[in-house]
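Okay, entry27.txt is below, compact mmCIF, N, CA and C atoms:
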# COMPACT_ATOMS: atom_id res chain seq x y z
N GLN A 1 -85.04 -196.00 -70.70
CA GLN A 1 -85.77 -194.94 -70.02
C GLN A 1 -84.87 -193.72 -69.92
N LEU A 2 -85.40 -192.55 -70.33
CA LEU A 2 -84.62 -191.33 -70.26
C LEU A 2 -84.54 -190.88 -68.81
N GLN A 3 -83.33 -190.60 -68.36
CA GLN A 3 -83.14 -190.24 -66.96
C GLN A 3 -81.79 -189.56 -66.81
N PRO A 4 -81.72 -188.48 -66.03
CA PRO A 4 -80.40 -187.93 -65.73
C PRO A 4 -79.67 -188.87 -64.78
N VAL A 5 -78.36 -188.91 -64.88
CA VAL A 5 -77.54 -189.80 -64.07
C VAL A 5 -76.57 -188.96 -63.24
N GLU A 6 -76.67 -189.11 -61.93
CA GLU A 6 -75.77 -188.39 -61.02
C GLU A 6 -74.51 -189.21 -60.75
N SER A 7 -73.43 -188.51 -60.55
CA SER A 7 -72.17 -189.15 -60.15
C SER A 7 -71.34 -188.14 -59.36
N GLY A 8 -70.29 -188.64 -58.72
CA GLY A 8 -69.37 -187.76 -58.01
C GLY A 8 -69.53 -187.75 -56.52
N GLY A 9 -70.52 -188.47 -56.03
CA GLY A 9 -70.68 -188.54 -54.58
C GLY A 9 -69.57 -189.36 -53.94
N GLY A 10 -69.55 -189.35 -52.63
CA GLY A 10 -68.55 -190.11 -51.91
C GLY A 10 -68.45 -189.65 -50.48
N SER A 11 -67.38 -190.06 -49.82
CA SER A 11 -67.12 -189.69 -48.44
C SER A 11 -65.99 -188.69 -48.38
N VAL A 12 -66.16 -187.68 -47.55
CA VAL A 12 -65.16 -186.63 -47.44
C VAL A 12 -65.16 -186.09 -46.02
N GLN A 13 -64.04 -185.57 -45.61
CA GLN A 13 -63.96 -184.98 -44.27
C GLN A 13 -64.55 -183.57 -44.28
N PRO A 14 -64.98 -183.09 -43.13
CA PRO A 14 -65.46 -181.71 -43.05
C PRO A 14 -64.42 -180.73 -43.59
N GLY A 15 -64.91 -179.78 -44.36
CA GLY A 15 -64.02 -178.82 -45.00
C GLY A 15 -63.58 -179.23 -46.39
N GLY A 16 -63.87 -180.47 -46.76
CA GLY A 16 -63.47 -180.96 -48.06
C GLY A 16 -64.41 -180.53 -49.18
N SER A 17 -64.12 -181.03 -50.37
CA SER A 17 -64.89 -180.65 -51.57
C SER A 17 -65.27 -181.89 -52.38
N LEU A 18 -66.37 -181.78 -53.07
CA LEU A 18 -66.80 -182.77 -54.05
C LEU A 18 -67.44 -182.02 -55.21
N ARG A 19 -67.39 -182.63 -56.39
CA ARG A 19 -68.12 -182.10 -57.52
C ARG A 19 -69.08 -183.17 -58.04
N LEU A 20 -70.35 -182.87 -57.95
CA LEU A 20 -71.37 -183.77 -58.47
C LEU A 20 -71.65 -183.44 -59.93
N SER A 21 -71.94 -184.48 -60.70
CA SER A 21 -72.29 -184.31 -62.10
C SER A 21 -73.67 -184.88 -62.36
N CYS A 22 -74.41 -184.20 -63.22
CA CYS A 22 -75.72 -184.68 -63.67
C CYS A 22 -75.63 -184.75 -65.19
N ALA A 23 -75.58 -185.96 -65.71
CA ALA A 23 -75.43 -186.15 -67.15
C ALA A 23 -76.70 -186.77 -67.71
N ALA A 24 -76.96 -186.49 -68.98
CA ALA A 24 -78.17 -187.03 -69.60
C ALA A 24 -77.82 -187.66 -70.93
N SER A 25 -78.54 -188.72 -71.24
CA SER A 25 -78.41 -189.29 -72.57
C SER A 25 -79.82 -189.44 -73.12
N GLY A 26 -79.97 -189.01 -74.38
CA GLY A 26 -81.29 -189.11 -74.98
C GLY A 26 -82.05 -187.81 -74.95
N PHE A 27 -81.59 -186.85 -74.18
CA PHE A 27 -82.20 -185.53 -74.20
C PHE A 27 -81.15 -184.49 -73.86
N THR A 28 -81.42 -183.25 -74.25
CA THR A 28 -80.43 -182.18 -74.14
C THR A 28 -80.72 -181.32 -72.93
N LEU A 29 -79.80 -181.36 -71.98
CA LEU A 29 -80.04 -180.70 -70.69
C LEU A 29 -80.16 -179.19 -70.79
N ASP A 30 -79.55 -178.56 -71.79
CA ASP A 30 -79.57 -177.10 -71.80
C ASP A 30 -80.96 -176.54 -72.10
N TYR A 31 -81.89 -177.38 -72.54
CA TYR A 31 -83.27 -176.93 -72.72
C TYR A 31 -84.07 -177.01 -71.42
N TYR A 32 -83.48 -177.61 -70.40
CA TYR A 32 -84.20 -177.91 -69.16
C TYR A 32 -83.69 -177.05 -68.01
N THR A 33 -84.61 -176.66 -67.16
CA THR A 33 -84.20 -176.15 -65.86
C THR A 33 -83.77 -177.35 -65.03
N ILE A 34 -82.61 -177.23 -64.39
CA ILE A 34 -82.02 -178.33 -63.65
C ILE A 34 -81.97 -177.97 -62.17
N GLY A 35 -82.30 -178.94 -61.37
CA GLY A 35 -82.23 -178.73 -59.92
C GLY A 35 -81.47 -179.84 -59.24
N TRP A 36 -80.72 -179.46 -58.23
CA TRP A 36 -80.09 -180.42 -57.32
C TRP A 36 -80.87 -180.40 -56.01
N PHE A 37 -81.29 -181.57 -55.58
CA PHE A 37 -82.04 -181.73 -54.35
C PHE A 37 -81.31 -182.73 -53.46
N ARG A 38 -81.57 -182.67 -52.19
CA ARG A 38 -80.96 -183.65 -51.30
C ARG A 38 -81.96 -184.07 -50.24
N GLN A 39 -81.75 -185.27 -49.76
CA GLN A 39 -82.60 -185.78 -48.68
C GLN A 39 -81.76 -186.62 -47.74
N ALA A 40 -81.78 -186.23 -46.49
CA ALA A 40 -81.10 -186.99 -45.44
C ALA A 40 -82.12 -187.83 -44.70
N PRO A 41 -81.69 -188.91 -44.07
CA PRO A 41 -82.63 -189.76 -43.33
C PRO A 41 -83.40 -188.97 -42.30
N GLY A 42 -84.71 -189.12 -42.32
CA GLY A 42 -85.55 -188.45 -41.35
C GLY A 42 -85.80 -186.98 -41.60
N LYS A 43 -85.30 -186.47 -42.71
CA LYS A 43 -85.48 -185.05 -43.03
C LYS A 43 -86.24 -184.90 -44.33
N GLU A 44 -86.84 -183.72 -44.51
CA GLU A 44 -87.54 -183.43 -45.74
C GLU A 44 -86.56 -183.18 -46.88
N ARG A 45 -87.03 -183.42 -48.09
CA ARG A 45 -86.24 -183.12 -49.27
C ARG A 45 -86.00 -181.61 -49.35
N GLU A 46 -84.80 -181.22 -49.72
CA GLU A 46 -84.43 -179.80 -49.80
C GLU A 46 -83.93 -179.47 -51.20
N GLY A 47 -84.44 -178.39 -51.75
CA GLY A 47 -83.91 -177.88 -53.01
C GLY A 47 -82.61 -177.15 -52.73
N VAL A 48 -81.50 -177.71 -53.15
CA VAL A 48 -80.18 -177.18 -52.83
C VAL A 48 -79.78 -176.06 -53.78
N SER A 49 -79.87 -176.34 -55.07
CA SER A 49 -79.47 -175.35 -56.07
C SER A 49 -80.13 -175.68 -57.39
N CYS A 50 -80.53 -174.65 -58.11
CA CYS A 50 -81.18 -174.83 -59.40
C CYS A 50 -80.65 -173.82 -60.40
N ILE A 51 -80.72 -174.18 -61.69
CA ILE A 51 -80.29 -173.27 -62.75
C ILE A 51 -81.35 -173.31 -63.84
N SER A 52 -81.79 -172.13 -64.24
CA SER A 52 -82.92 -172.02 -65.16
C SER A 52 -82.48 -172.09 -66.62
N SER A 53 -83.30 -172.76 -67.43
CA SER A 53 -83.09 -172.76 -68.88
C SER A 53 -83.62 -171.48 -69.50
N ARG A 54 -84.55 -170.82 -68.80
CA ARG A 54 -85.23 -169.66 -69.37
C ARG A 54 -84.34 -168.43 -69.39
N ASP A 55 -83.67 -168.17 -68.26
CA ASP A 55 -82.90 -166.93 -68.17
C ASP A 55 -81.51 -167.13 -67.59
N GLY A 56 -81.13 -168.39 -67.34
CA GLY A 56 -79.80 -168.65 -66.79
C GLY A 56 -79.65 -168.33 -65.33
N SER A 57 -80.74 -167.94 -64.69
CA SER A 57 -80.65 -167.58 -63.27
C SER A 57 -80.32 -168.82 -62.44
N THR A 58 -79.74 -168.56 -61.30
CA THR A 58 -79.40 -169.63 -60.37
C THR A 58 -80.01 -169.33 -59.01
N TYR A 59 -80.19 -170.38 -58.26
CA TYR A 59 -80.75 -170.26 -56.91
C TYR A 59 -79.96 -171.18 -55.99
N TYR A 60 -79.72 -170.72 -54.77
CA TYR A 60 -79.06 -171.53 -53.76
C TYR A 60 -79.86 -171.45 -52.47
N ALA A 61 -80.00 -172.59 -51.84
CA ALA A 61 -80.60 -172.59 -50.51
C ALA A 61 -79.66 -171.84 -49.56
N ASP A 62 -80.22 -171.21 -48.55
CA ASP A 62 -79.40 -170.46 -47.60
C ASP A 62 -78.34 -171.35 -46.96
N SER A 63 -78.65 -172.60 -46.79
CA SER A 63 -77.74 -173.53 -46.12
C SER A 63 -76.47 -173.80 -46.91
N VAL A 64 -76.48 -173.50 -48.22
CA VAL A 64 -75.31 -173.80 -49.05
C VAL A 64 -74.75 -172.57 -49.74
N LYS A 65 -75.40 -171.43 -49.57
CA LYS A 65 -74.99 -170.22 -50.25
C LYS A 65 -73.55 -169.86 -49.88
N GLY A 66 -72.75 -169.57 -50.90
CA GLY A 66 -71.35 -169.23 -50.68
C GLY A 66 -70.42 -170.43 -50.67
N ARG A 67 -70.99 -171.64 -50.62
CA ARG A 67 -70.15 -172.85 -50.58
C ARG A 67 -70.36 -173.72 -51.82
N PHE A 68 -71.55 -173.71 -52.38
CA PHE A 68 -71.88 -174.54 -53.54
C PHE A 68 -72.02 -173.66 -54.77
N THR A 69 -71.66 -174.23 -55.93
CA THR A 69 -71.82 -173.53 -57.20
C THR A 69 -72.39 -174.47 -58.24
N ILE A 70 -73.47 -174.04 -58.90
CA ILE A 70 -74.07 -174.84 -59.97
C ILE A 70 -73.63 -174.26 -61.31
N SER A 71 -73.38 -175.15 -62.28
CA SER A 71 -72.95 -174.69 -63.59
C SER A 71 -73.33 -175.70 -64.65
N ARG A 72 -73.37 -175.24 -65.89
CA ARG A 72 -73.68 -176.11 -67.02
C ARG A 72 -72.47 -176.22 -67.93
N ASN A 73 -72.30 -177.39 -68.54
CA ASN A 73 -71.39 -177.56 -69.67
C ASN A 73 -72.22 -178.16 -70.78
N ASN A 74 -72.74 -177.32 -71.65
CA ASN A 74 -73.65 -177.80 -72.69
C ASN A 74 -72.96 -178.74 -73.66
N ALA A 75 -71.68 -178.52 -73.92
CA ALA A 75 -70.95 -179.40 -74.83
C ALA A 75 -70.91 -180.84 -74.30
N LYS A 76 -70.89 -180.96 -72.98
CA LYS A 76 -70.86 -182.29 -72.36
C LYS A 76 -72.24 -182.75 -71.90
N ASN A 77 -73.25 -181.89 -72.13
CA ASN A 77 -74.61 -182.23 -71.73
C ASN A 77 -74.66 -182.60 -70.25
N THR A 78 -73.99 -181.79 -69.47
CA THR A 78 -73.82 -182.09 -68.04
C THR A 78 -74.00 -180.82 -67.22
N VAL A 79 -74.61 -180.99 -66.06
CA VAL A 79 -74.71 -179.91 -65.07
C VAL A 79 -73.93 -180.35 -63.83
N TYR A 80 -73.18 -179.42 -63.27
CA TYR A 80 -72.32 -179.73 -62.13
C TYR A 80 -72.79 -179.02 -60.88
N LEU A 81 -72.47 -179.61 -59.75
CA LEU A 81 -72.64 -178.94 -58.47
C LEU A 81 -71.31 -179.04 -57.74
N GLN A 82 -70.57 -177.95 -57.71
CA GLN A 82 -69.31 -177.90 -56.98
C GLN A 82 -69.62 -177.60 -55.52
N MET A 83 -69.18 -178.47 -54.64
CA MET A 83 -69.48 -178.33 -53.22
C MET A 83 -68.17 -178.16 -52.46
N ASN A 84 -68.00 -177.02 -51.87
CA ASN A 84 -66.79 -176.72 -51.09
C ASN A 84 -67.16 -176.53 -49.62
N SER A 85 -66.15 -176.56 -48.77
CA SER A 85 -66.34 -176.35 -47.33
C SER A 85 -67.47 -177.21 -46.79
N LEU A 86 -67.43 -178.47 -47.14
CA LEU A 86 -68.52 -179.37 -46.77
C LEU A 86 -68.62 -179.54 -45.26
N LYS A 87 -69.85 -179.70 -44.80
CA LYS A 87 -70.14 -179.85 -43.38
C LYS A 87 -70.86 -181.18 -43.16
N PRO A 88 -70.81 -181.71 -41.97
CA PRO A 88 -71.54 -182.96 -41.69
C PRO A 88 -73.03 -182.86 -42.03
N GLU A 89 -73.62 -181.70 -41.87
CA GLU A 89 -75.04 -181.54 -42.18
C GLU A 89 -75.32 -181.55 -43.68
N ASP A 90 -74.29 -181.58 -44.52
CA ASP A 90 -74.49 -181.74 -45.96
C ASP A 90 -74.67 -183.20 -46.35
N THR A 91 -74.49 -184.10 -45.40
CA THR A 91 -74.65 -185.53 -45.66
C THR A 91 -76.07 -185.83 -46.09
N ALA A 92 -76.21 -186.46 -47.26
CA ALA A 92 -77.53 -186.75 -47.80
C ALA A 92 -77.35 -187.49 -49.12
N VAL A 93 -78.47 -187.99 -49.65
CA VAL A 93 -78.50 -188.44 -51.03
C VAL A 93 -78.86 -187.23 -51.89
N TYR A 94 -78.06 -186.98 -52.90
CA TYR A 94 -78.27 -185.84 -53.79
C TYR A 94 -78.86 -186.32 -55.10
N TYR A 95 -79.93 -185.65 -55.50
CA TYR A 95 -80.65 -186.01 -56.71
C TYR A 95 -80.62 -184.85 -57.70
N CYS A 96 -80.62 -185.22 -58.98
CA CYS A 96 -80.70 -184.24 -60.05
C CYS A 96 -82.09 -184.38 -60.70
N ALA A 97 -82.73 -183.25 -60.94
CA ALA A 97 -84.02 -183.23 -61.62
C ALA A 97 -83.97 -182.29 -62.81
N ALA A 98 -84.72 -182.62 -63.83
CA ALA A 98 -84.76 -181.80 -65.04
C ALA A 98 -86.20 -181.56 -65.43
N ASP A 99 -86.50 -180.31 -65.83
CA ASP A 99 -87.86 -179.99 -66.21
C ASP A 99 -87.86 -179.05 -67.40
N LEU A 100 -88.76 -179.33 -68.36
CA LEU A 100 -88.79 -178.59 -69.63
C LEU A 100 -89.72 -177.38 -69.60
N ARG A 101 -90.41 -177.16 -68.48
CA ARG A 101 -91.44 -176.14 -68.47
C ARG A 101 -90.93 -174.71 -68.30
N GLY A 102 -89.61 -174.54 -68.27
CA GLY A 102 -89.06 -173.19 -68.26
C GLY A 102 -89.16 -172.47 -66.93
N PHE A 103 -89.10 -173.21 -65.84
CA PHE A 103 -89.18 -172.56 -64.53
C PHE A 103 -87.98 -171.67 -64.27
N ALA A 104 -88.21 -170.61 -63.53
CA ALA A 104 -87.09 -169.88 -62.96
C ALA A 104 -86.42 -170.77 -61.90
N ALA A 105 -85.17 -170.46 -61.63
CA ALA A 105 -84.40 -171.33 -60.75
C ALA A 105 -85.03 -171.45 -59.36
N GLN A 106 -85.43 -170.34 -58.78
CA GLN A 106 -86.00 -170.40 -57.43
C GLN A 106 -87.28 -171.20 -57.41
N ALA A 107 -88.11 -171.04 -58.43
CA ALA A 107 -89.36 -171.79 -58.48
C ALA A 107 -89.09 -173.29 -58.57
N MET A 108 -88.12 -173.67 -59.37
CA MET A 108 -87.79 -175.08 -59.51
C MET A 108 -87.37 -175.67 -58.17
N CYS A 109 -86.54 -174.95 -57.45
CA CYS A 109 -86.02 -175.47 -56.20
C CYS A 109 -87.08 -175.51 -55.10
N ARG A 110 -88.01 -174.59 -55.15
CA ARG A 110 -88.97 -174.47 -54.04
C ARG A 110 -90.28 -175.22 -54.27
N MET A 111 -90.64 -175.47 -55.53
CA MET A 111 -91.96 -176.03 -55.78
C MET A 111 -92.05 -177.52 -55.48
N GLY A 112 -90.94 -178.24 -55.58
CA GLY A 112 -90.98 -179.67 -55.33
C GLY A 112 -91.46 -180.45 -56.54
N PRO A 113 -91.30 -181.78 -56.49
CA PRO A 113 -91.71 -182.64 -57.62
C PRO A 113 -93.23 -182.69 -57.75
N PRO A 114 -93.76 -183.18 -58.91
CA PRO A 114 -93.02 -183.95 -59.90
C PRO A 114 -92.32 -183.07 -60.94
N TYR A 115 -91.23 -183.60 -61.48
CA TYR A 115 -90.51 -183.00 -62.58
C TYR A 115 -90.51 -183.96 -63.75
N ASP A 116 -90.09 -183.48 -64.90
CA ASP A 116 -90.07 -184.35 -66.07
C ASP A 116 -89.14 -185.55 -65.87
N TYR A 117 -87.96 -185.29 -65.32
CA TYR A 117 -86.98 -186.36 -65.11
C TYR A 117 -86.37 -186.23 -63.72
N TRP A 118 -86.07 -187.36 -63.15
CA TRP A 118 -85.54 -187.41 -61.77
C TRP A 118 -84.52 -188.52 -61.71
N GLY A 119 -83.34 -188.25 -61.24
CA GLY A 119 -82.27 -189.25 -61.21
C GLY A 119 -82.37 -190.21 -60.04
N GLN A 120 -81.43 -191.13 -59.98
CA GLN A 120 -81.43 -192.16 -58.93
C GLN A 120 -80.71 -191.70 -57.67
N GLY A 121 -79.92 -190.67 -57.78
CA GLY A 121 -79.27 -190.11 -56.61
C GLY A 121 -77.84 -190.60 -56.42
N THR A 122 -77.06 -189.81 -55.71
CA THR A 122 -75.69 -190.17 -55.34
C THR A 122 -75.47 -189.78 -53.88
N GLN A 123 -74.84 -190.66 -53.12
CA GLN A 123 -74.67 -190.44 -51.69
C GLN A 123 -73.48 -189.53 -51.43
N VAL A 124 -73.68 -188.55 -50.59
CA VAL A 124 -72.59 -187.70 -50.10
C VAL A 124 -72.54 -187.84 -48.59
N THR A 125 -71.37 -188.20 -48.08
CA THR A 125 -71.18 -188.37 -46.64
C THR A 125 -70.02 -187.50 -46.19
N VAL A 126 -70.30 -186.62 -45.24
CA VAL A 126 -69.27 -185.73 -44.70
C VAL A 126 -69.08 -186.10 -43.24
N SER A 127 -67.91 -186.65 -42.95
CA SER A 127 -67.66 -187.15 -41.61
C SER A 127 -66.17 -187.18 -41.33
N SER A 128 -65.82 -186.96 -40.08
CA SER A 128 -64.43 -187.06 -39.69
C SER A 128 -64.13 -188.45 -39.14
What would the structure in this file look like if it were written as structure tokens?
Amino acid sequence: QLQPVESGGGSVQPGGSLRLSCAASGFTLDYYTIGWFRQAPGKEREGVSCISSRDGSTYYADSVKGRFTISRNNAKNTVYLQMNSLKPEDTAVYYCAADLRGFAAQAMCRMGPPYDYWGQGTQVTVSS
């Protein structure tokens, strides 16, 4: 089954950093708009950051702006989410989604699923 695979989650203290990776096998991520989403227990799913295949635009939720950076490495068929200055409220399962329909980044992050591909998620825990 074709599916993006997330990795890089873990436990970190407040103020720390993690880099999440979204890798794909069987399809080429640079043709897809990619989104990072997160969901914490009892909370709604949030579009954290997205990067468009159409124009390269990026989008960040207000809650992560200035702390998170999304990027692509097409040679590695991987999209990254660099997360700095992590806060306890960043604790969640982080999911990677990929869609071929050419969405702009903001639309991808705000419209919600379904998407063409959706990963299994990686846990991020920020705690002292």
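What separates CA of Gly119 (chain A) from atom C of Ser53 (chain A) is a distance of 19.7 Å.
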Quiz item: Out of A:Phe37, A:Phe68, A:Tyr80, A:Tyr117, which residue has the shortest atom-to-atom distance to Val93 (chain A) when counting only N, CA and C atoms?
Solution: A:Phe37
Quiz item: Residues at most 9 Å from Thr91 (chain A), counting only C-alpha atoms, excluding those fewer than 6 positions away in the same chain, as a list in words?
Solution: Arg38, Gln39, Ala40, Gln123, Val124, Thr125, Val126 and Ser127 of chain A
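The interatomic distance for the pair atom C of Thr58 (chain A) and atom N of Glu46 (chain A) works out to 15.8 Å.
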Residues near Thr122 (chain A), cut-off 8 Å, only C-alpha atoms, skip fewer than 3 positions along chain, as a tab-separated table (two decimals) with N, CA and C atoms, in the frame of the given file:
chain	number	residue	atom	x	y	z
A	6	GLU	N	-76.67	-189.11	-61.93
A	6	GLU	CA	-75.77	-188.39	-61.02
A	6	GLU	C	-74.51	-189.21	-60.75
A	7	SER	N	-73.43	-188.51	-60.55
A	7	SER	CA	-72.17	-189.15	-60.15
A	7	SER	C	-71.34	-188.14	-59.36
A	8	GLY	N	-70.29	-188.64	-58.72
A	8	GLY	CA	-69.37	-187.76	-58.01
A	8	GLY	C	-69.53	-187.75	-56.52
A	9	GLY	N	-70.52	-188.47	-56.03
A	9	GLY	CA	-70.68	-188.54	-54.58
A	9	GLY	C	-69.57	-189.36	-53.94
A	10	GLY	N	-69.55	-189.35	-52.63
A	10	GLY	CA	-68.55	-190.11	-51.91
A	10	GLY	C	-68.45	-189.65	-50.48
A	93	VAL	N	-78.47	-187.99	-49.65
A	93	VAL	CA	-78.50	-188.44	-51.03
A	93	VAL	C	-78.86	-187.23	-51.89
A	94	TYR	N	-78.06	-186.98	-52.90
A	94	TYR	CA	-78.27	-185.84	-53.79
A	94	TYR	C	-78.86	-186.32	-55.10
A	95	TYR	N	-79.93	-185.65	-55.50
A	95	TYR	CA	-80.65	-186.01	-56.71
A	95	TYR	C	-80.62	-184.85	-57.70
Quiz item: When distances are computed from only N, CA and C atoms, which of A:Cys109, A:Val64, A:Ala24, A:Cys50 shows the smallest separation from Leu2 (chain A)?
Solution: A:Ala24
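For Tyr60 (chain A), the residues within 6 Å (counting only N, CA and C atoms, excluding itself and residues fewer than 5 positions away along the chain) are A:Val48, A:Ser49, A:Cys50, A:Lys65.
For the choices A:Phe103, A:Pro4, A:Leu18, A:Glu44, the atom-to-atom distance to Gln120 (chain A) is smallest for A:Pro4 when using all atoms listed in the file.
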